[in-house]
Amino acid sequence: MRIGRGRLPRRRDPRRRFRNRLLVGMVGVALLPLVAFAVLAVFELDTVARSTANATETAILQHQQANTDTALDGRAAFLDKTMSTLDNVVQEAWTGILVKSLTAAQPSAPVKPTPDSTYVFLPANAGADAKFANASASPAVAAYATQVLKNNPEINSMWFENQKTGALRIYPAVSNPNVLQENGYLLSAPEERSGFSVLANSEGGPAAADQPNEWVQPGVPGVSTDGPFWTDPYPLIEDGITGVSAWYQGPSVQIGVDVSLSKLITPAIGSTSSNVDPLIISASGIVVYASPQSATAFPDMAPGDVFTVPQTRFMSSLRHMEGSGAIPHTPLIATLDRANTDVFTAPVYSGHWIIANPVPVSSLEPNLSALTLGVNDSVHRLFPVMVLPVLLLLVGLAFIATTLLSRRMYLPVQALTDHAVLEERTRLAREIHDTLAQQLTGIVLELEAADTLLNRGSERRARSSVEKARELARGALQEARRSVWNLRPSPLSATGLVAAIGHEVEAWEERTGIPARFKARAVPLHPPLSPTAEVALLRIGQEALSNAARHGHPEHVDVELRAHAQELVLSIRDDGIGFDPSAGTPREDCFGLDGMAERARNAGGTLTVVSTPGHGTTVTTRLPFTEPAVEAVSA
């Protein structure tokens, strides 16, 4: 059997793998805004669709409201014009006809009613009414009344009343004079009708002083204090059917016309429809007219009733209109018959009436479902036409840009990686020199001392040196493991910075036999230093002591740790042979002073070496606190 070596799997270049991962990451980062743009575009399109549908719905509703309001204003204007014509009829009857007849008439004996005349009702002492009776029965007055009744079919009758005596003449004549009394005209109370003071309480009339006459039609002079005035609905004296009267107040005579509500209002309102369901209310809050369709929104409302509904805000607005005649430009809003309703209003200035037309909002709004679907469909068609091509273009540009950018970034990143590797190698070399090299040196010294002691026959002392070498070897192994993981040195982890430095000084003194003294002055219990700074300070102390033992040959060493001006200062002074720091070139394998200085710089501090040949060496390290120190100890 032939046994050969199989094909090994191809090992991928880590640099190529890094470049590919960088490219994928950059493309992903570039696509995130594009995805957000797509989501935002869809969201905005939906928002535009909804807002467009709402705006269209609002526009259609406002258009429908405007049409309804305009139609109601036209009907109110037509009714106001008809009532103004009747006002002119009444005023002309006084100023143009009756005044002239009263001036021409001569006093005569009392006039008694005759069956073929318009009846005149007189009190017992009717002699004073002879002039009124003759004037109101003059051919001119009779002809004018006949012409008025012929030209104005909405007028039931025209009447003249002497308010001093109660005398009354009415056109057309009634066949039975008792009919007038039966329908509410009494000689004992000629100012009343059917027991009601409807004339005096007319809108703008003599008894309406508590309701200021603010109803003035724009562009028209104010209403005269003499009238004509319009009454609220009441049973008319000629037939007992509910109607209204327009009357004029002369110095001693009242002239008026009784008007049929149906004949007055129907031509103005026209044929009823779903959007025209009027209710007419007087300024005193009395229902003047109610269409059959208005019963749905305002049930149980008939002419002569007091108008009221359980809608506080609606009633407040209506009372304001009744008192001032100021009609709002927008419809009133109410809930009538459990439906949201727009109540359109229009003024009738002649009678101080308000036409209220309730229209359910649902009958004005468009078909919302069809409208919304149509708008959404139109707006969403913009996505594949406009948004999607732009999105695809941006994706392509993003891919090309990130590809070029990743290639340009690859070499600088690789250079940074190589620099980081070199830095890590330098750190490991410094760690090995500052820790393992010193401890291995100590092991070698202890073993050499043990060998010398054995040759001299001092086995006990040799065993002690071997034991120290064993402890140094164990410590070196532990430090090697910690250096690999870049953790704090074991003395720092166990006892803290101050105790660790003191322990190092004691161990160095025991190891070298050179007297050493350690002092800590005003040092906080827990110096506010970063872990990196603590490690740097401990390593600098170890290296300075090691250099003193190997090169300085001192007789005594002083180590001082003190806090000064928010910084921690470590000073190591020996009385050895010293050296000239500016002379000589260090060996290639020497990391001493350079390593110490670099550690101090990396920790944010400074290292100062002062030495003179024959006068010893002083190494001072200063590291700033990361925050103000408050607690201190001394040793």
# chains A, B, ... in the order shown; residues from 1 in each chain; ligands from 1
call {"tool": "residues_around", "arguments": {"residues": "Asp558 in chain A", "least_positions_apart": "5", "cutoff": "6 Å", "atoms": "only C-alpha atoms", "output": "PyMOL selection string"}}
result
chain A and resi 516-517+572-573
call {"tool": "residues_around", "arguments": {"residues": "Phe298 in chain A", "least_positions_apart": "5", "cutoff": "12 Å", "atoms": "only C-alpha atoms", "output": "PyMOL selection string"}}
result
chain A and resi 277-280+287+289-293+305-311+334-338+341+343+356-359
call {"tool": "closest_atom_pairs", "arguments": {"of": "range 230-268 of chain A", "to": "range 183-200 of chain A", "cutoff": "9 Å", "atoms": "only C-alpha atoms", "output": "JSON lines"}}
result
{"residue": "A:Trp230", "atom": "CA", "partner": "A:Leu199", "partner_atom": "CA", "distance": 8.0}
{"residue": "A:Thr231", "atom": "CA", "partner": "A:Val198", "partner_atom": "CA", "distance": 5.8}
{"residue": "A:Asp232", "atom": "CA", "partner": "A:Val198", "partner_atom": "CA", "distance": 6.6}
{"residue": "A:Pro233", "atom": "CA", "partner": "A:Val198", "partner_atom": "CA", "distance": 8.4}
{"residue": "A:Tyr234", "atom": "CA", "partner": "A:Ser194", "partner_atom": "CA", "distance": 7.5}
{"residue": "A:Pro235", "atom": "CA", "partner": "A:Ser194", "partner_atom": "CA", "distance": 6.7}
{"residue": "A:Leu236", "atom": "CA", "partner": "A:Asn183", "partner_atom": "CA", "distance": 7.0}
{"residue": "A:Ile237", "atom": "CA", "partner": "A:Asn183", "partner_atom": "CA", "distance": 4.6}
{"residue": "A:Glu238", "atom": "CA", "partner": "A:Asn183", "partner_atom": "CA", "distance": 6.8}
{"residue": "A:Asp239", "atom": "CA", "partner": "A:Asn183", "partner_atom": "CA", "distance": 6.9}
{"residue": "A:Gly240", "atom": "CA", "partner": "A:Asn183", "partner_atom": "CA", "distance": 5.4}
{"residue": "A:Ser245", "atom": "CA", "partner": "A:Leu199", "partner_atom": "CA", "distance": 8.1}
{"residue": "A:Ala246", "atom": "CA", "partner": "A:Leu199", "partner_atom": "CA", "distance": 8.9}
{"residue": "A:Trp247", "atom": "CA", "partner": "A:Leu199", "partner_atom": "CA", "distance": 7.8}
call {"tool": "closest_residue", "arguments": {"among": "A:Ala565, A:Trp508, A:Leu538, A:Ala462", "to": "Val523 in chain A", "atoms": "only C-alpha atoms"}}
result
A:Ala565
call {"tool": "atom_distance", "arguments": {"atom1": "CA of Pro228 in chain A", "atom2": "CA of Gly325 in chain A"}}
result
17.6 Å
call {"tool": "select_by_dssp", "arguments": {"residues": "range 147-382 of chain A", "states": "strand (DSSP E)", "output": "VMD selection string"}}
result
chain A and resid 155 to 162 168 to 171 229 to 230 234 to 235 242 to 249 253 to 260 279 to 282 287 to 290 332 to 336 339 to 348 353 to 360
call {"tool": "atom_distance", "arguments": {"atom1": "CA of Ile540 in chain A", "atom2": "CA of Arg599 in chain A"}}
result
7.5 Å
